[in-house]
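Shown here: entry19.cif, mmCIF, C-alpha atoms.
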```cif
data_final
loop_
_atom_site.group_PDB
_atom_site.id
_atom_site.type_symbol
_atom_site.label_atom_id
_atom_site.label_comp_id
_atom_site.auth_asym_id
_atom_site.auth_seq_id
_atom_site.Cartn_x
_atom_site.Cartn_y
_atom_site.Cartn_z
ATOM 1 C CA MET A 1 0.000 0.000 0.000
ATOM 2 C CA ALA A 2 1.464 3.322 -1.074
ATOM 3 C CA SER A 3 2.235 5.662 1.733
ATOM 4 C CA LYS A 4 0.556 9.031 1.831
ATOM 5 C CA PRO A 5 2.745 11.896 0.672
ATOM 6 C CA GLN A 6 4.045 13.917 3.541
ATOM 7 C CA VAL A 7 3.124 17.577 3.735
ATOM 8 C CA ARG A 8 6.234 19.642 4.303
ATOM 9 C CA TRP A 9 5.629 22.885 6.179
ATOM 10 C CA PRO A 10 8.195 25.668 5.978
ATOM 11 C CA ILE A 11 10.371 25.864 9.056
ATOM 12 C CA ALA A 12 10.131 29.207 10.808
ATOM 13 C CA ASP A 13 13.315 31.163 11.245
ATOM 14 C CA GLU A 14 14.157 30.720 14.898
ATOM 15 C CA SER A 15 15.792 34.144 14.987
ATOM 16 C CA THR A 16 12.457 35.903 14.475
ATOM 17 C CA PRO A 17 9.120 35.323 16.232
ATOM 18 C CA ASP A 18 6.124 34.036 14.304
ATOM 19 C CA LEU A 19 3.869 36.798 13.065
ATOM 20 C CA VAL A 20 0.142 36.435 13.551
ATOM 21 C CA LEU A 21 -1.536 38.674 11.007
ATOM 22 C CA GLU A 22 -5.178 39.243 10.284
ATOM 23 C CA LYS A 23 -6.569 40.482 7.015
ATOM 24 C CA PHE A 24 -7.559 44.084 6.818
ATOM 25 C CA ALA A 25 -11.281 44.553 6.992
ATOM 26 C CA PRO A 26 -12.880 47.079 4.635
ATOM 27 C CA GLU A 27 -14.109 49.060 7.633
ATOM 28 C CA GLN A 28 -10.527 49.446 8.893
ATOM 29 C CA THR A 29 -9.422 50.815 5.549
ATOM 30 C CA TYR A 30 -12.315 53.242 5.494
ATOM 31 C CA LYS A 31 -11.572 54.299 9.077
ATOM 32 C CA THR A 32 -8.063 55.405 8.149
ATOM 33 C CA ARG A 33 -9.272 57.269 5.089
ATOM 34 C CA VAL A 34 -12.123 58.928 6.972
ATOM 35 C CA TYR A 35 -9.767 59.883 9.789
ATOM 36 C CA GLY A 36 -7.420 61.608 7.333
ATOM 37 C CA ALA A 37 -10.254 63.412 5.556
ATOM 38 C CA LEU A 38 -11.879 64.647 8.760
ATOM 39 C CA LYS A 39 -8.591 65.696 10.317
ATOM 40 C CA HIS A 40 -7.690 67.704 7.218
ATOM 41 C CA ALA A 41 -11.120 69.359 7.151
ATOM 42 C CA ILE A 42 -11.093 70.200 10.861
ATOM 43 C CA THR A 43 -7.600 71.704 10.841
ATOM 44 C CA ASN A 44 -8.621 73.950 7.952
ATOM 45 C CA MET A 45 -11.724 75.240 9.744
ATOM 46 C CA ASP A 46 -11.599 78.786 11.078
ATOM 47 C CA ILE A 47 -12.876 77.862 14.529
ATOM 48 C CA TYR A 48 -11.278 80.823 16.331
ATOM 49 C CA SER A 49 -12.996 83.484 14.239
ATOM 50 C CA THR A 50 -16.223 83.040 16.199
ATOM 51 C CA ASN A 51 -17.169 82.208 19.759
ATOM 52 C CA GLU A 52 -19.977 79.957 18.546
ATOM 53 C CA PRO A 53 -19.272 76.215 18.960
ATOM 54 C CA THR A 54 -18.700 74.113 15.857
ATOM 55 C CA TRP A 55 -20.664 70.859 15.758
ATOM 56 C CA LEU A 56 -20.317 67.753 13.608
ATOM 57 C CA ASP A 57 -23.070 65.220 12.962
ATOM 58 C CA GLU A 58 -22.066 61.578 12.564
ATOM 59 C CA ARG A 59 -25.012 60.733 10.330
ATOM 60 C CA GLN A 60 -24.435 63.714 8.034
ATOM 61 C CA LEU A 61 -20.726 62.919 7.800
ATOM 62 C CA SER A 62 -21.420 59.339 6.746
ATOM 63 C CA GLU A 63 -23.935 60.510 4.146
ATOM 64 C CA ARG A 64 -21.566 63.108 2.684
ATOM 65 C CA LEU A 65 -18.728 60.584 2.508
ATOM 66 C CA GLY A 66 -21.010 57.878 1.115
ATOM 67 C CA ILE A 67 -20.025 55.246 3.672
ATOM 68 C CA SER A 68 -21.484 53.549 6.726
ATOM 69 C CA ARG A 69 -21.415 55.191 10.143
ATOM 70 C CA THR A 70 -19.004 52.633 11.640
ATOM 71 C CA PRO A 71 -15.747 53.994 10.123
ATOM 72 C CA VAL A 72 -16.933 57.549 10.829
ATOM 73 C CA ARG A 73 -17.514 56.627 14.475
ATOM 74 C CA GLU A 74 -14.057 55.011 14.674
ATOM 75 C CA ALA A 75 -12.372 58.000 13.037
ATOM 76 C CA ILE A 76 -14.125 60.343 15.447
ATOM 77 C CA ALA A 77 -12.789 58.260 18.343
ATOM 78 C CA MET A 78 -9.243 58.648 17.007
ATOM 79 C CA LEU A 79 -9.680 62.412 16.634
ATOM 80 C CA GLU A 80 -11.083 62.608 20.152
ATOM 81 C CA GLN A 81 -7.998 60.886 21.542
ATOM 82 C CA GLN A 82 -5.853 63.523 19.853
ATOM 83 C CA GLY A 83 -7.886 66.394 21.257
ATOM 84 C CA PHE A 84 -9.494 67.635 18.055
ATOM 85 C CA VAL A 85 -13.106 66.814 18.923
ATOM 86 C CA LYS A 86 -15.246 65.669 21.824
ATOM 87 C CA SER A 87 -18.378 63.510 21.692
ATOM 88 C CA MET A 88 -21.202 64.996 23.730
ATOM 89 C CA PRO A 89 -23.953 62.491 24.651
ATOM 90 C CA ARG A 90 -27.294 63.291 22.968
ATOM 91 C CA ARG A 91 -25.831 66.479 21.489
ATOM 92 C CA GLY A 92 -23.272 65.511 18.871
ATOM 93 C CA ILE A 93 -19.583 66.025 18.266
ATOM 94 C CA ILE A 94 -18.014 69.375 19.065
ATOM 95 C CA VAL A 95 -14.794 70.623 17.502
ATOM 96 C CA LEU A 96 -12.574 71.615 20.405
ATOM 97 C CA ARG A 97 -11.096 75.068 20.748
ATOM 98 C CA LYS A 98 -7.910 75.227 22.762
ATOM 99 C CA THR A 99 -7.551 77.619 25.676
ATOM 100 C CA LYS A 100 -4.998 80.391 25.507
ATOM 101 C CA ARG A 101 -2.694 78.544 27.917
ATOM 102 C CA GLU A 102 -2.968 75.300 25.961
ATOM 103 C CA VAL A 103 -2.096 77.052 22.690
ATOM 104 C CA ILE A 104 0.921 78.793 24.221
ATOM 105 C CA GLU A 105 2.214 75.540 25.700
ATOM 106 C CA MET A 106 1.798 73.741 22.368
ATOM 107 C CA ILE A 107 3.687 76.486 20.540
ATOM 108 C CA GLN A 108 6.474 76.338 23.121
ATOM 109 C CA ALA A 109 6.789 72.573 22.667
ATOM 110 C CA TRP A 110 6.767 73.044 18.908
ATOM 111 C CA ALA A 111 9.561 75.649 19.230
ATOM 112 C CA ALA A 112 11.767 73.230 21.137
ATOM 113 C CA LEU A 113 11.236 70.456 18.595
ATOM 114 C CA GLU A 114 11.704 72.709 15.590
ATOM 115 C CA GLY A 115 14.928 74.106 17.028
ATOM 116 C CA MET A 116 16.260 70.559 17.229
ATOM 117 C CA ALA A 117 14.955 69.893 13.724
ATOM 118 C CA ALA A 118 16.920 72.845 12.331
ATOM 119 C CA ARG A 119 20.007 71.551 14.119
ATOM 120 C CA LEU A 120 19.599 68.118 12.550
ATOM 121 C CA VAL A 121 19.002 69.582 9.092
ATOM 122 C CA THR A 122 22.424 71.281 9.163
ATOM 123 C CA GLN A 123 23.984 67.928 10.018
ATOM 124 C CA ARG A 124 21.998 65.542 7.829
ATOM 125 C CA ALA A 125 20.251 67.188 4.886
ATOM 126 C CA LYS A 126 21.738 67.422 1.421
ATOM 127 C CA ASP A 127 22.425 70.832 -0.104
ATOM 128 C CA ALA A 128 19.865 70.159 -2.823
ATOM 129 C CA ASP A 129 17.185 69.432 -0.231
ATOM 130 C CA ILE A 130 17.917 72.564 1.802
ATOM 131 C CA ALA A 131 17.737 74.515 -1.455
ATOM 132 C CA ARG A 132 14.042 73.609 -1.669
ATOM 133 C CA LEU A 133 13.262 76.054 1.136
ATOM 134 C CA ARG A 134 14.268 79.354 -0.462
ATOM 135 C CA PRO A 135 11.954 79.196 -3.526
ATOM 136 C CA MET A 136 8.966 78.952 -1.193
ATOM 137 C CA PHE A 137 9.260 82.697 -0.617
ATOM 138 C CA ASP A 138 10.744 83.873 -3.944
ATOM 139 C CA GLU A 139 7.429 85.258 -5.183
ATOM 140 C CA PHE A 140 7.150 87.639 -2.228
ATOM 141 C CA ASP A 141 8.802 91.037 -2.621
ATOM 142 C CA ASP A 142 7.909 94.725 -2.429
ATOM 143 C CA SER A 143 5.389 94.333 -5.251
ATOM 144 C CA HIS A 144 3.963 91.109 -3.816
ATOM 145 C CA ARG A 145 4.051 91.732 -0.101
ATOM 146 C CA PRO A 146 3.154 88.893 2.300
ATOM 147 C CA ALA A 147 0.752 91.218 4.120
ATOM 148 C CA ASP A 148 -1.205 91.719 0.890
ATOM 149 C CA TYR A 149 -1.394 88.010 0.058
ATOM 150 C CA LEU A 150 -1.976 86.446 3.439
ATOM 151 C CA ASN A 151 -3.545 83.207 2.225
ATOM 152 C CA GLU A 152 -0.637 82.518 -0.112
ATOM 153 C CA TYR A 153 1.915 83.446 2.515
ATOM 154 C CA SER A 154 0.200 81.407 5.210
ATOM 155 C CA SER A 155 0.324 78.318 2.972
ATOM 156 C CA ALA A 156 4.003 78.888 2.194
ATOM 157 C CA ASN A 157 4.625 79.392 5.884
ATOM 158 C CA ILE A 158 3.122 76.025 6.823
ATOM 159 C CA ARG A 159 5.022 74.250 4.016
ATOM 160 C CA PHE A 160 8.250 75.821 5.271
ATOM 161 C CA HIS A 161 7.846 74.463 8.795
ATOM 162 C CA GLN A 162 6.690 71.049 7.581
ATOM 163 C CA THR A 163 9.655 70.788 5.216
ATOM 164 C CA ILE A 164 12.177 71.556 7.942
ATOM 165 C CA ILE A 165 10.800 68.636 9.941
ATOM 166 C CA GLN A 166 10.818 66.429 6.849
ATOM 167 C CA LEU A 167 14.461 67.230 6.056
ATOM 168 C CA THR A 168 15.598 65.813 9.390
ATOM 169 C CA GLY A 169 14.652 62.330 8.224
ATOM 170 C CA SER A 170 13.337 61.670 11.729
ATOM 171 C CA SER A 171 10.014 59.858 11.841
ATOM 172 C CA VAL A 172 9.818 60.512 15.592
ATOM 173 C CA LEU A 173 10.097 64.282 15.135
ATOM 174 C CA ALA A 174 7.548 64.147 12.325
ATOM 175 C CA GLU A 175 5.076 62.293 14.508
ATOM 176 C CA MET A 176 5.629 64.529 17.544
ATOM 177 C CA THR A 177 5.234 67.793 15.642
ATOM 178 C CA GLU A 178 2.336 66.848 13.353
ATOM 179 C CA ASN A 179 -0.519 67.475 15.756
ATOM 180 C CA LEU A 180 1.228 70.386 17.473
ATOM 181 C CA LEU A 181 1.536 72.160 14.157
ATOM 182 C CA LEU A 182 -2.027 71.361 13.150
ATOM 183 C CA HIS A 183 -3.450 72.604 16.457
ATOM 184 C CA ALA A 184 -1.457 75.842 16.224
ATOM 185 C CA ARG A 185 -2.156 76.336 12.528
ATOM 186 C CA GLY A 186 -5.404 78.218 13.019
ATOM 187 C CA ILE A 187 -3.825 80.582 15.536
ATOM 188 C CA ARG A 188 -0.895 81.322 13.237
ATOM 189 C CA GLN A 189 -3.240 82.002 10.335
ATOM 190 C CA MET A 190 -5.238 84.446 12.448
ATOM 191 C CA THR A 191 -2.254 86.317 13.879
ATOM 192 C CA ILE A 192 -0.086 86.465 10.748
ATOM 193 C CA GLY A 193 -2.124 89.379 9.392
ATOM 194 C CA ARG A 194 -1.834 91.491 12.541
ATOM 195 C CA ASP A 195 0.718 94.227 13.193
ATOM 196 C CA ASP A 196 2.539 93.476 9.920
ATOM 197 C CA ARG A 197 3.717 90.167 11.381
ATOM 198 C CA ALA A 198 3.900 88.618 7.908
ATOM 199 C CA SER A 199 6.654 91.012 6.822
ATOM 200 C CA GLN A 200 8.678 90.226 9.924
ATOM 201 C CA SER A 201 7.998 86.521 9.521
ATOM 202 C CA ILE A 202 9.466 86.295 6.030
ATOM 203 C CA VAL A 203 12.637 88.078 7.187
ATOM 204 C CA GLU A 204 13.028 85.496 9.947
ATOM 205 C CA HIS A 205 12.348 82.619 7.539
ATOM 206 C CA ARG A 206 15.071 83.804 5.167
ATOM 207 C CA ALA A 207 17.521 84.145 8.055
ATOM 208 C CA ILE A 208 16.793 80.548 9.080
ATOM 209 C CA ILE A 209 17.303 79.368 5.504
ATOM 210 C CA GLU A 210 20.637 81.193 5.307
ATOM 211 C CA ALA A 211 21.832 79.554 8.529
ATOM 212 C CA LEU A 212 20.784 76.127 7.222
ATOM 213 C CA GLU A 213 22.551 76.715 3.910
ATOM 214 C CA GLN A 214 25.734 77.716 5.730
ATOM 215 C CA ARG A 215 25.505 74.692 8.041
ATOM 216 C CA ASP A 216 25.631 77.074 10.994
ATOM 217 C CA THR A 217 24.153 74.612 13.469
ATOM 218 C CA GLU A 218 23.942 76.782 16.575
ATOM 219 C CA ARG A 219 22.519 79.786 14.733
ATOM 220 C CA ALA A 220 19.978 77.719 12.800
ATOM 221 C CA GLU A 221 18.724 76.084 15.983
ATOM 222 C CA ARG A 222 18.450 79.409 17.817
ATOM 223 C CA LEU A 223 16.712 81.224 14.959
ATOM 224 C CA ALA A 224 14.188 78.420 14.370
ATOM 225 C CA ARG A 225 13.373 78.172 18.075
ATOM 226 C CA ASP A 226 13.108 81.931 18.614
ATOM 227 C CA HIS A 227 10.975 82.375 15.501
ATOM 228 C CA THR A 228 8.306 80.049 16.873
ATOM 229 C CA LEU A 229 8.617 81.380 20.422
ATOM 230 C CA GLY A 230 7.802 84.771 18.933
ATOM 231 C CA LEU A 231 4.348 83.444 18.075
ATOM 232 C CA ALA A 232 3.870 82.229 21.656
ATOM 233 C CA ALA A 233 4.849 85.657 22.990
ATOM 234 C CA TYR A 234 2.465 87.362 20.578
ATOM 235 C CA VAL A 235 -0.443 85.123 21.591
ATOM 236 C CA GLU A 236 0.373 85.825 25.245
ATOM 237 C CA LYS A 237 0.124 89.601 24.737
ATOM 238 C CA HIS A 238 -2.276 90.059 21.826
ATOM 239 C CA SER A 239 -4.977 87.389 21.842
ATOM 240 C CA GLU A 240 -7.962 89.602 22.559
ATOM 241 C CA GLY A 241 -11.092 88.209 20.937
ATOM 242 C CA ILE A 242 -9.526 84.861 20.045
ATOM 243 C CA PHE A 243 -10.144 82.914 23.240
ATOM 244 C CA ASP A 244 -12.937 84.967 24.782
#
```
In structure tokens, what does this structure look like?
Amino acid sequence: MASKPQVRWPIADESTPDLVLEKFAPEQTYKTRVYGALKHAITNMDIYSTNEPTWLDERQLSERLGISRTPVREAIAMLEQQGFVKSMPRRGIIVLRKTKREVIEMIQAWAALEGMAARLVTQRAKDADIARLRPMFDEFDDSHRPADYLNEYSSANIRFHQTIIQLTGSSVLAEMTENLLLHARGIRQMTIGRDDRASQSIVEHRAIIEALEQRDTERAERLARDHTLGLAAYVEKHSEGIFD
């Protein structure tokens, strides 16, 4: 009688543990996509221009996105953990406004991290990558003043800070600064048009770029840190009507 063929199973590499993986469910994929879409929409809302609360409706969100309510509910839970929204029983989901003290503390933390980022850029980034920073502000001059084109300048401003973090090559710094920058984004957009801050801001940006180009580590770190701390100081002194 012929023997049954033996089934040979691959031998696991003893140097690595066995991985137990489950297939991705469609709802999980949707959750991630919904989370990204909602986070982007919320961080672009002008929630500090009015004292009226901003509410989100789970049912309306699912209808507008054309998906079930489950991934919306899961995405909302993720955003709530990060402090962007808060679920209020029988009322809905409110977009959270930060207090003045919370905003200042976030900006201070961001300043510390961005100072380190500038330091790392002088040590790690290629010349060609640092050169990407200067063209961000080339279109602004006496005939195209930042103060006269605040939306354009605000966008360039955010790209500038995000790129500095990116050029470090540090995934930890990127993760730590992402939500800090997003939370502070609305405040920066509101204050950039006051007291000709945009004109001063672009001068400081170009000084930071020059220090990075020259690989002047100490100066780049100091300028990047002080530039962001300037926003914290401004919010401390001139935030009338923003947090009332």
**Report entry** Within 10 Å of Arg59 (chain A) using all atoms listed in the file, minus same-chain residues under 6 positions, as a ChimeraX atom specification
**Finding:** /A:67-69,72-73,92
Would you save the residues of that selection, restricted to C-alpha atoms, as a JSON list (two decimals), in the frame of the given file?
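Written file, selection_33.json:
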```
[["chain", "number", "residue", "atom", "x", "y", "z"],
["A", 67, "ILE", "CA", -20.02, 55.25, 3.67],
["A", 68, "SER", "CA", -21.48, 53.55, 6.73],
["A", 69, "ARG", "CA", -21.42, 55.19, 10.14],
["A", 72, "VAL", "CA", -16.93, 57.55, 10.83],
["A", 73, "ARG", "CA", -17.51, 56.63, 14.48],
["A", 92, "GLY", "CA", -23.27, 65.51, 18.87]]
```
Report task. Name the residues in contact with Thr191 (chain A) at a cut-off of 9 Å, using only C-alpha atoms, excluding same-chain residues fewer than 3 positions from it; report them as a list in words. Result -> Gly186, Ile187, Arg188, Arg194, Asp195, Arg197, Ala198, Leu231, Tyr234, Val235, His238 and Ser239 of chain A
Query - Spatial neighbours of region 131-148 of chain A, max dist 8 Å, all atoms listed in the file, sep filter under 2 positions, as JSON, numbers by chain - result: {"A": [127, 128, 129, 150, 152, 153, 156, 160, 163, 193, 196, 197, 198, 199, 202, 206, 209, 213]}
**Report entry** Å distance separating CA of Ala41 (chain A) from CA of Val103 (chain A), one decimal place
**Finding:**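 A separation of 19.5 Å between them.
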Query - Picked residues, the PyMOL selection byres ((chain A and resi 101) around 12), as number ranges by chain - result: A: 97-100, 102-108, 232-233, 235-237, 239, 243
Query - Gap from CA of Thr32 (chain A) to CA of Ile76 (chain A) - Å, one decimal - result: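 Separation of CA of Thr32 (chain A) and CA of Ile76 (chain A): 10.7 Å.
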Report task. Could you jot down the CA of Ala224 (chain A) to CA of Ala118 (chain A) separation for me, Å, one decimal place? Result -> 6.5 Å
